[in-house]
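> I'm passing along my_file-v3.txt; it holds compact mmCIF, C-alpha atoms and all ligand atoms.
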# COMPACT_ATOMS: atom_id res chain seq x y z
CA MET A 17 -75.70 39.71 88.64
CA GLU A 18 -79.09 39.13 86.95
CA LEU A 19 -79.68 40.73 83.55
CA TRP A 20 -83.18 41.63 82.40
CA TYR A 21 -84.58 42.90 79.07
CA THR A 22 -87.45 45.28 79.78
CA GLU A 23 -89.94 46.70 77.29
CA GLU A 24 -92.50 49.39 78.00
CA HIS A 25 -95.90 48.20 76.82
CA THR A 26 -97.68 51.28 78.13
CA GLU A 27 -96.62 54.13 80.39
CA ASN A 28 -97.81 51.98 83.29
CA VAL A 29 -96.90 48.46 82.17
CA ARG A 30 -93.53 46.85 81.61
CA PHE A 31 -92.67 43.38 80.33
CA SER A 32 -89.35 41.77 81.31
CA ILE A 33 -87.40 38.68 80.28
CA LYS A 34 -84.39 37.44 82.21
CA ILE A 35 -81.49 37.24 79.79
CA LYS A 36 -78.39 35.08 79.75
CA LYS A 37 -76.43 37.36 77.45
CA GLN A 38 -76.67 40.22 74.98
CA LEU A 39 -75.35 38.87 71.66
CA TYR A 40 -75.48 41.98 69.45
CA SER A 41 -76.28 45.68 69.51
CA ALA A 42 -75.92 48.27 66.73
CA ASN A 43 -77.67 51.17 65.08
CA SER A 44 -78.64 50.74 61.44
CA PRO A 45 -79.54 53.81 59.36
CA TYR A 46 -83.19 53.10 60.32
CA GLN A 47 -83.31 51.67 63.84
CA LYS A 48 -81.48 50.16 66.80
CA ILE A 49 -81.05 46.39 66.51
CA ASP A 50 -80.43 44.21 69.58
CA VAL A 51 -80.16 40.43 69.93
CA PHE A 52 -80.39 38.64 73.29
CA ASP A 53 -80.28 35.08 74.54
CA SER A 54 -82.63 33.91 77.29
CA GLU A 55 -83.58 30.75 79.14
CA GLU A 56 -87.33 31.06 78.60
CA PHE A 57 -87.63 32.35 75.01
CA GLY A 58 -84.27 31.36 73.53
CA ARG A 59 -82.73 33.99 71.29
CA PHE A 60 -84.78 37.06 70.47
CA PHE A 61 -84.29 40.33 68.64
CA THR A 62 -85.71 43.78 69.15
CA LEU A 63 -85.91 46.94 67.01
CA ASP A 64 -85.81 50.27 68.85
CA GLY A 65 -86.49 48.38 72.09
CA LEU A 66 -89.58 46.57 70.79
CA MET A 67 -89.88 42.80 70.56
CA MET A 68 -89.83 41.39 67.03
CA VAL A 69 -89.17 37.66 67.17
CA THR A 70 -88.28 35.07 69.80
CA GLU A 71 -87.17 31.55 68.99
CA LYS A 72 -89.80 30.11 71.33
CA ASP A 73 -93.01 31.82 70.17
CA GLU A 74 -92.27 32.95 66.59
CA PHE A 75 -94.12 29.89 65.21
CA ILE A 76 -97.44 31.37 66.33
CA TYR A 77 -97.05 34.65 64.46
CA HIS A 78 -95.56 33.09 61.32
CA ASP A 79 -98.12 30.26 61.15
CA MET A 80 -100.97 32.71 61.40
CA ILE A 81 -99.69 35.35 59.01
CA VAL A 82 -99.00 32.74 56.28
CA HIS A 83 -101.23 29.67 56.60
CA VAL A 84 -104.53 31.54 57.07
CA PRO A 85 -104.38 33.27 53.64
CA MET A 86 -102.73 30.24 52.00
CA ALA A 87 -105.52 27.91 53.18
CA ALA A 88 -108.13 30.38 51.92
CA LYS A 89 -106.48 30.55 48.49
CA PRO A 90 -104.23 27.52 47.95
CA ASP A 91 -103.54 28.30 44.27
CA THR A 92 -101.49 31.38 45.26
CA LYS A 93 -98.46 31.62 42.99
CA LYS A 94 -96.84 35.00 43.46
CA VAL A 95 -96.39 36.60 46.89
CA LEU A 96 -95.07 39.94 48.11
CA VAL A 97 -93.79 40.19 51.70
CA ILE A 98 -93.25 43.71 53.00
CA GLY A 99 -90.90 43.91 55.99
CA GLY A 100 -90.33 40.44 57.45
CA GLY A 101 -86.53 40.82 57.60
CA ASP A 102 -86.14 37.92 60.06
CA GLY A 103 -87.27 35.54 57.30
CA GLY A 104 -89.93 33.66 59.30
CA THR A 105 -92.75 34.57 56.92
CA VAL A 106 -90.70 33.58 53.87
CA ARG A 107 -89.76 30.30 55.60
CA GLU A 108 -93.43 29.34 55.98
CA LEU A 109 -94.27 30.40 52.39
CA THR A 110 -91.50 28.23 50.94
CA ARG A 111 -93.27 25.16 52.33
CA TYR A 112 -95.86 25.47 49.54
CA SER A 113 -94.56 23.88 46.35
CA SER A 114 -97.35 25.69 44.45
CA ILE A 115 -95.80 29.11 45.15
CA GLU A 116 -93.60 30.13 42.24
CA GLU A 117 -92.24 33.52 43.27
CA ILE A 118 -91.75 35.40 46.54
CA HIS A 119 -90.64 39.03 46.59
CA MET A 120 -89.54 40.32 49.98
CA VAL A 121 -89.13 44.09 50.40
CA GLU A 122 -87.28 44.96 53.60
CA ILE A 123 -86.17 48.54 54.22
CA ASP A 124 -83.25 47.58 56.45
CA LYS A 125 -80.61 45.19 55.06
CA MET A 126 -78.94 45.07 58.48
CA VAL A 127 -81.96 43.29 59.95
CA VAL A 128 -81.58 40.52 57.39
CA ASP A 129 -77.81 40.26 57.93
CA VAL A 130 -78.21 40.12 61.72
CA CYS A 131 -80.98 37.50 61.53
CA ARG A 132 -78.97 35.35 59.13
CA GLU A 133 -76.19 35.36 61.71
CA PHE A 134 -78.10 35.07 64.99
CA LEU A 135 -81.52 33.66 64.10
CA PRO A 136 -80.95 30.97 61.46
CA GLN A 137 -84.16 29.30 62.65
CA THR A 138 -86.19 32.02 60.91
CA ALA A 139 -83.75 33.21 58.22
CA LEU A 140 -82.85 29.81 56.76
CA LYS A 141 -85.07 29.97 53.66
CA LEU A 142 -84.12 33.45 52.46
CA ASP A 143 -81.85 31.81 49.87
CA ASP A 144 -84.61 29.67 48.36
CA PRO A 145 -84.38 30.11 44.56
CA ARG A 146 -87.99 31.40 44.41
CA VAL A 147 -87.14 34.31 46.75
CA SER A 148 -85.99 37.76 45.53
CA LEU A 149 -84.91 40.27 48.17
CA TYR A 150 -85.33 44.02 47.64
CA PHE A 151 -83.85 46.43 50.16
CA GLU A 152 -86.26 49.33 49.73
CA ASP A 153 -89.14 51.13 51.38
CA GLY A 154 -92.26 48.96 50.91
CA LEU A 155 -94.41 52.10 50.60
CA LYS A 156 -92.49 53.15 47.49
CA PHE A 157 -92.14 49.61 46.11
CA VAL A 158 -95.90 49.01 45.78
CA ARG A 159 -96.53 52.33 44.03
CA SER A 160 -95.38 50.96 40.69
CA ARG A 161 -96.97 47.48 40.90
CA GLN A 162 -100.20 46.56 39.17
CA ASN A 163 -102.26 43.37 39.20
CA GLU A 164 -99.14 41.36 39.99
CA TYR A 165 -99.49 39.48 43.29
CA ASP A 166 -101.94 36.86 44.58
CA LEU A 167 -100.99 37.61 48.17
CA ILE A 168 -99.37 40.57 49.95
CA ILE A 169 -98.22 40.02 53.53
CA VAL A 170 -97.34 43.12 55.51
CA ASP A 171 -94.98 41.84 58.21
CA SER A 172 -94.05 45.25 59.50
CA THR A 173 -92.99 47.06 62.62
CA ASP A 174 -95.49 49.32 64.40
CA PRO A 175 -96.86 52.52 62.80
CA PHE A 176 -94.02 54.82 63.74
CA GLY A 177 -90.45 55.18 62.45
CA PRO A 178 -89.82 53.31 59.16
CA GLY A 179 -93.09 51.35 59.49
CA GLU A 180 -95.35 54.42 59.58
CA GLY A 181 -95.98 54.54 55.81
CA LEU A 182 -97.19 50.93 55.85
CA PHE A 183 -100.33 51.95 57.77
CA THR A 184 -101.41 54.78 55.44
CA LYS A 185 -104.37 55.04 53.07
CA GLU A 186 -101.99 55.55 50.17
CA PHE A 187 -100.23 52.28 50.95
CA TYR A 188 -103.43 50.22 51.20
CA GLY A 189 -104.71 51.73 47.93
CA ASN A 190 -101.49 50.73 46.19
CA CYS A 191 -101.70 47.21 47.66
CA PHE A 192 -105.23 46.94 46.23
CA LYS A 193 -103.85 47.92 42.81
CA ALA A 194 -100.87 45.55 43.10
CA LEU A 195 -103.11 42.54 43.81
CA SER A 196 -104.67 40.23 41.23
CA GLU A 197 -108.47 39.91 40.96
CA GLU A 198 -108.64 37.31 43.73
CA GLY A 199 -105.74 38.77 45.68
CA ILE A 200 -105.45 38.83 49.48
CA LEU A 201 -103.80 41.38 51.76
CA VAL A 202 -102.80 40.22 55.23
CA ASN A 203 -101.17 42.49 57.73
CA GLN A 204 -100.03 42.38 61.32
CA HIS A 205 -102.79 44.40 62.93
CA GLU A 206 -101.49 45.34 66.37
CA SER A 207 -103.22 44.52 69.66
CA PRO A 208 -106.75 45.49 70.69
CA TYR A 209 -106.00 45.56 74.40
CA TYR A 210 -103.94 48.64 75.22
CA GLN A 211 -105.25 51.98 74.01
CA SER A 212 -102.40 53.16 71.77
CA TYR A 213 -102.18 49.82 69.92
CA ALA A 214 -105.96 49.62 69.64
CA ASN A 215 -106.11 53.10 68.11
CA ALA A 216 -103.54 52.10 65.49
CA MET A 217 -105.52 48.95 64.75
CA LYS A 218 -108.81 50.82 64.34
CA ARG A 219 -107.25 53.41 62.03
CA ALA A 220 -105.65 50.71 59.86
CA HIS A 221 -108.85 48.68 59.67
CA LYS A 222 -110.90 51.71 58.64
CA ARG A 223 -108.43 52.60 55.90
CA ILE A 224 -108.26 49.05 54.50
CA LYS A 225 -112.07 48.87 54.45
CA GLU A 226 -112.18 51.86 52.10
CA TYR A 227 -110.67 49.69 49.37
CA PHE A 228 -111.45 46.04 50.04
CA PRO A 229 -115.00 44.63 50.03
CA ASN A 230 -114.03 41.62 52.20
CA CYS A 231 -112.29 42.88 55.28
CA ARG A 232 -111.91 40.73 58.38
CA VAL A 233 -109.80 40.54 61.51
CA TYR A 234 -108.44 37.38 63.14
CA GLN A 235 -106.48 36.76 66.31
CA ALA A 236 -103.75 34.75 67.98
CA HIS A 237 -102.12 34.50 71.36
CA ILE A 238 -98.52 35.68 71.17
CA PRO A 239 -96.92 35.70 74.65
CA THR A 240 -94.13 38.22 73.96
CA TYR A 241 -96.20 40.91 72.20
CA PRO A 242 -97.96 43.64 74.22
CA SER A 243 -100.88 42.11 76.15
CA GLY A 244 -100.28 38.75 74.42
CA HIS A 245 -103.43 39.24 72.33
CA TRP A 246 -102.52 40.00 68.71
CA LEU A 247 -104.61 40.69 65.63
CA PHE A 248 -104.13 40.19 61.90
CA GLY A 249 -106.06 41.89 59.11
CA PHE A 250 -107.41 39.83 56.20
CA ALA A 251 -108.62 41.83 53.18
CA SER A 252 -109.57 40.66 49.75
CA LYS A 253 -111.38 41.68 46.60
CA LYS A 254 -113.18 38.33 46.35
CA VAL A 255 -111.95 35.67 48.76
CA ASP A 256 -113.82 35.03 52.00
CA PRO A 257 -111.46 33.55 54.60
CA ILE A 258 -114.07 31.17 56.02
CA LEU A 259 -116.42 30.36 53.11
CA ASP A 260 -113.49 29.77 50.76
CA LEU A 261 -111.50 27.67 53.19
CA ASP A 262 -111.03 24.21 51.69
CA ALA A 263 -109.91 22.38 54.82
CA GLU A 264 -109.61 19.03 53.10
CA LYS A 265 -107.37 20.46 50.42
CA TRP A 266 -105.11 22.23 52.89
CA ASN A 267 -104.85 19.14 55.09
CA SER A 268 -103.95 17.03 52.06
CA LEU A 269 -100.83 19.17 51.56
CA GLY A 270 -99.31 17.54 54.66
CA ILE A 271 -97.78 20.78 55.98
CA GLU A 272 -96.97 20.17 59.63
CA THR A 273 -97.65 23.15 61.89
CA LYS A 274 -97.28 23.68 65.59
CA TYR A 275 -100.04 26.30 65.95
CA TYR A 276 -102.21 26.52 62.84
CA ASN A 277 -104.91 24.00 61.93
CA THR A 278 -108.05 24.38 59.88
CA GLU A 279 -110.36 24.27 62.94
CA LEU A 280 -108.40 27.07 64.54
CA HIS A 281 -108.52 28.94 61.20
CA LYS A 282 -112.29 29.30 61.50
CA GLY A 283 -112.18 29.98 65.23
CA SER A 284 -109.57 32.71 64.93
CA PHE A 285 -112.11 34.94 63.15
CA ALA A 286 -114.52 34.71 66.11
CA LEU A 287 -113.67 37.87 68.02
CA PRO A 288 -114.43 38.97 71.57
CA ASN A 289 -117.27 41.51 71.79
CA TYR A 290 -115.02 44.40 72.77
CA VAL A 291 -112.90 43.84 69.63
CA LYS A 292 -115.96 43.48 67.41
CA GLU A 293 -117.20 46.81 68.67
CA MET A 294 -113.89 48.43 67.83
CA ILE A 295 -113.84 47.30 64.22
CA GLU A 296 -117.50 47.91 63.54
CA TYR A 297 -117.38 51.31 65.16
CA GLU A 298 -118.27 53.47 62.16
N1 LIG B 1 -93.05 40.03 63.70
C1 LIG B 1 -92.75 41.37 63.89
C2 LIG B 1 -93.68 42.18 64.74
O1 LIG B 1 -94.88 42.25 64.50
O2 LIG B 1 -93.16 42.77 65.66
C3 LIG B 1 -92.35 42.08 62.65
C4 LIG B 1 -90.98 41.64 62.36
S1 LIG B 1 -90.19 42.17 60.93
C5 LIG B 1 -88.58 42.09 61.56
C6 LIG B 1 -90.54 43.88 60.70
C7 LIG B 1 -89.64 44.49 59.64
O3 LIG B 1 -90.32 45.53 58.94
C8 LIG B 1 -88.36 45.12 60.19
O4 LIG B 1 -87.26 44.36 59.83
C9 LIG B 1 -88.33 46.51 59.56
O5 LIG B 1 -87.03 46.91 59.14
C10 LIG B 1 -89.30 46.33 58.39
N2 LIG B 1 -89.87 47.59 57.90
C11 LIG B 1 -90.28 48.65 58.64
N3 LIG B 1 -90.73 49.62 57.83
C12 LIG B 1 -90.58 49.18 56.56
C13 LIG B 1 -90.86 49.75 55.28
N4 LIG B 1 -91.36 50.99 55.17
N5 LIG B 1 -90.59 49.01 54.18
C14 LIG B 1 -90.08 47.75 54.29
N6 LIG B 1 -89.78 47.18 55.47
C15 LIG B 1 -90.03 47.87 56.59
Just give me the structure of the file as structure tokens.


Amino acid sequence: MELWYTEEHTENVRFSIKIKKQLYSANSPYQKIDVFDSEEFGRFFTLDGLMMVTEKDEFIYHDMIVHVPMAAKPDTKKVLVIGGGDGGTVRELTRYSSIEEIHMVEIDKMVVDVCREFLPQTALKLDDPRVSLYFEDGLKFVRSRQNEYDLIIVDSTDPFGPGEGLFTKEFYGNCFKALSEEGILVNQHESPYYQSYANAMKRAHKRIKEYFPNCRVYQAHIPTYPSGHWLFGFASKKVDPILDLDAEKWNSLGIETKYYNTELHKGSFALPNYVKEMIEYE
């Protein structure tokens, strides 16, 4: 008998992956966690029936959420990751010897435990000595932080359930406060293509813009996320992601990547007209 994982991307669209086996299923205090194995995407895990990470395409998301801000500000020393329980974002950050401290705030310890067991490909650097793990709500965590981080990466779930607070005005204001003078905020910014994701993206962008003078959106192609077209938000008090990109410097670091390169860095900020209209809509 064939087994299929199916996710509803809209009321009228479903996305399915043929699976070899379900490896894990449990409810944490926050969400339902499932792990599957598949021929096409390898192992993958979902939260409340929504795709988080697959072994085959996770490099795209993690390259873009980490190397874009790191290439724009290579002297980054202290980083806060909010969410990111699979460890992929931390893994990419640990490749920079210049980074001294990484705080990761994940609300759900079970996600980290499950990923350590079933997805070692992403979780393998969570024990790096520069990494401190906090199992708390990121919304609350940033309230008490001031002028502390050079980079905040919001690697969250979508804006409902535990992730809802990470798309609020209060949260973005506290991130602004928690960042150093040249600090950068990067967040997973949903998809522009289907209406409900696009609405969430527009709301988030508008709220971030209220605090940060430099506020841009960049894109990547992620096959297993709704529509495959995914956005990231880049916001900073001072840093411009294109003008401040020192391609030579980043290339001299010798960090090997499967998706990111400094040409693509610049190109990823060139948005289709329909997306430009959405984010310049006020
Ligand atoms: N790459 C993924 C995506 O865009 O689908 C995100 C993956 S990562 C696993 C998302 C993590 O954010 C989850 O593990 C979830 O538990 C965590 N999270 C959700 N709300 C949170 C909150 N308020 N504070 C901290 N972590 C949160």

> Mind listing the residues within 6 Å of ligand LIG 1 (chain B), all atoms listed in the file counted, as a list in words?

Met67, Met68, Val69, Ile98, Gly99, Gly100, Gly101, Asp102, Val121, Glu122, Ile123, Asp124, Val127, Asp153, Gly154, Leu155, Asp171, Ser172, Thr173, Pro178, Gly179, Gly181 and Leu182 of chain A

> Report as a VMD selection string all protein, DNA and RNA residues lying within 10 Å of Met126 in chain A, evaluated on all atoms listed in the file, omitting residues in the same chain fewer than 4 positions from it.

chain A and resid 42 to 47 49 101 122 130 to 132 151

> Can you pull out the residues contacting Thr105 in chain A? Cut-off 8 Å, using only C-alpha atoms, and skip same-chain residues under 2 positions away; I want them as a list in words.

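Near Thr105 in chain A, the qualifying residues are His78, Ile81, Val82, Val97, Gly100, Gly103, Arg107, Glu108, Leu109 and Asp171 of chain A.
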
> Looking at A:His205, A:Lys156, A:Lys94, A:Lys218, which one is nearest to Leu247 in chain A, with distances taken over all atoms listed in the file?

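Using all atoms listed in the file, the shortest distance to Leu247 in chain A belongs to A:His205.
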
> Can you pull out the residues contacting Asp50 in chain A? Cut-off 6 Å, using only C-alpha atoms, and skip same-chain residues under 4 positions away; I want them as a short mmCIF file (atom, residue, chain, number, x, y, z; two decimals) with C-alpha atoms, in the frame of the given file.


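Final file, around08.cif:
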data_model
loop_
_atom_site.label_atom_id
_atom_site.label_comp_id
_atom_site.auth_asym_id
_atom_site.auth_seq_id
_atom_site.Cartn_x
_atom_site.Cartn_y
_atom_site.Cartn_z
CA TYR A 40 -75.48 41.98 69.45
CA SER A 41 -76.28 45.68 69.51
CA PHE A 61 -84.29 40.33 68.64
CA THR A 62 -85.71 43.78 69.15
#

> Go through A:Tyr275, A:Tyr227, A:Tyr234, A:Tyr209 one by one, measure the shortest atom-to-atom distance of each to Tyr290 in chain A using only C-alpha atoms, and give the residue with the smallest value.

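Of all the options, A:Tyr209 lies closest to Tyr290 in chain A.
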
> In Å to one decimal, how far is CA of Asp129 in chain A from CA of Pro145 in chain A?

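Between CA of Pro145 in chain A and CA of Asp129 in chain A the gap is 18.0 Å.
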
> Please compute the CA of Lys37 in chain A-CA of Ala236 in chain A distance, one decimal, in Å.

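For CA of Lys37 in chain A relative to CA of Ala236 in chain A, the distance reads 29.0 Å.
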
> Which protein, DNA or RNA residues have an atom at most 9 Å from (-96.7, 30.3, 63.9), counting only C-alpha atoms? List them as a ChimeraX atom specification.

/A:73-83,104,108,273-276

> When you draw a straight line from CA of Asp166 in chain A to CA of Ile118 in chain A, how long is it in Å?

10.5 Å

> Between A:Phe176, A:Phe228, A:Phe157, A:Phe248, which one has atoms that come closest to Tyr188 in chain A, using all atoms listed in the file?

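Smallest separation from Tyr188 in chain A among the options: A:Phe228.
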
> What lies within 8 Å of range 27-34 of chain A using all atoms listed in the file, ignoring chain neighbours under 2 positions off, as a PyMOL selection string?

chain A and resi 18-25+36+54-56

> Just checking: using all atoms listed in the file, which residue out of A:Lys141, A:Lys89, A:His221, A:Arg159 ends up closest to Val233 in chain A?

A:His221

> Counting only C-alpha atoms, which of A:Val291, A:Val51, A:Val95, A:Ile115 gets nearest to Pro208 in chain A?

A:Val291

> Select, from A:Asn277, A:Gln211, A:Thr26, A:Thr92, the residue with the minimum atom-to-atom distance to Gly199 in chain A, counting all atoms listed in the file.

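Smallest separation from Gly199 in chain A among the options: A:Thr92.
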
> Could you model N, CA and C atoms for range 274-292 of chain A and present them as a short mmCIF file (atom, residue, chain, number, x, y, z; two decimals), in the coordinates of the input?


data_model
loop_
_atom_site.label_atom_id
_atom_site.label_comp_id
_atom_site.auth_asym_id
_atom_site.auth_seq_id
_atom_site.Cartn_x
_atom_site.Cartn_y
_atom_site.Cartn_z
N LYS A 274 -97.22 23.82 64.14
CA LYS A 274 -97.28 23.68 65.59
C LYS A 274 -98.46 24.46 66.17
N TYR A 275 -98.94 25.48 65.45
CA TYR A 275 -100.04 26.30 65.95
C TYR A 275 -101.27 26.20 65.05
N TYR A 276 -101.08 26.45 63.77
CA TYR A 276 -102.21 26.52 62.84
C TYR A 276 -102.86 25.16 62.59
N ASN A 277 -104.18 25.13 62.52
CA ASN A 277 -104.91 24.00 61.93
C ASN A 277 -106.20 24.58 61.38
N THR A 278 -106.91 23.80 60.58
CA THR A 278 -108.05 24.38 59.88
C THR A 278 -109.26 24.64 60.82
N GLU A 279 -109.32 23.96 61.95
CA GLU A 279 -110.36 24.27 62.94
C GLU A 279 -110.07 25.63 63.55
N LEU A 280 -108.81 25.80 63.94
CA LEU A 280 -108.40 27.07 64.54
C LEU A 280 -108.55 28.22 63.55
N HIS A 281 -108.33 27.94 62.27
CA HIS A 281 -108.52 28.94 61.20
C HIS A 281 -109.89 29.60 61.35
N LYS A 282 -110.92 28.76 61.41
CA LYS A 282 -112.29 29.30 61.50
C LYS A 282 -112.47 30.03 62.83
N GLY A 283 -112.00 29.40 63.90
CA GLY A 283 -112.18 29.98 65.23
C GLY A 283 -111.46 31.31 65.41
N SER A 284 -110.37 31.49 64.71
CA SER A 284 -109.57 32.71 64.93
C SER A 284 -110.29 33.97 64.45
N PHE A 285 -111.33 33.78 63.62
CA PHE A 285 -112.11 34.94 63.15
C PHE A 285 -113.27 35.27 64.10
N ALA A 286 -113.48 34.44 65.11
CA ALA A 286 -114.52 34.71 66.11
C ALA A 286 -113.92 35.62 67.17
N LEU A 287 -114.35 36.87 67.18
CA LEU A 287 -113.67 37.87 68.02
C LEU A 287 -114.45 38.16 69.29
N PRO A 288 -113.74 38.53 70.35
CA PRO A 288 -114.43 38.97 71.57
C PRO A 288 -115.29 40.21 71.27
N ASN A 289 -116.34 40.39 72.06
CA ASN A 289 -117.27 41.51 71.79
C ASN A 289 -116.57 42.87 71.79
N TYR A 290 -115.63 43.07 72.71
CA TYR A 290 -115.02 44.40 72.77
C TYR A 290 -114.18 44.68 71.51
N VAL A 291 -113.66 43.63 70.87
CA VAL A 291 -112.90 43.84 69.63
C VAL A 291 -113.86 44.06 68.46
N LYS A 292 -114.95 43.29 68.46
CA LYS A 292 -115.96 43.48 67.41
C LYS A 292 -116.46 44.92 67.40
#
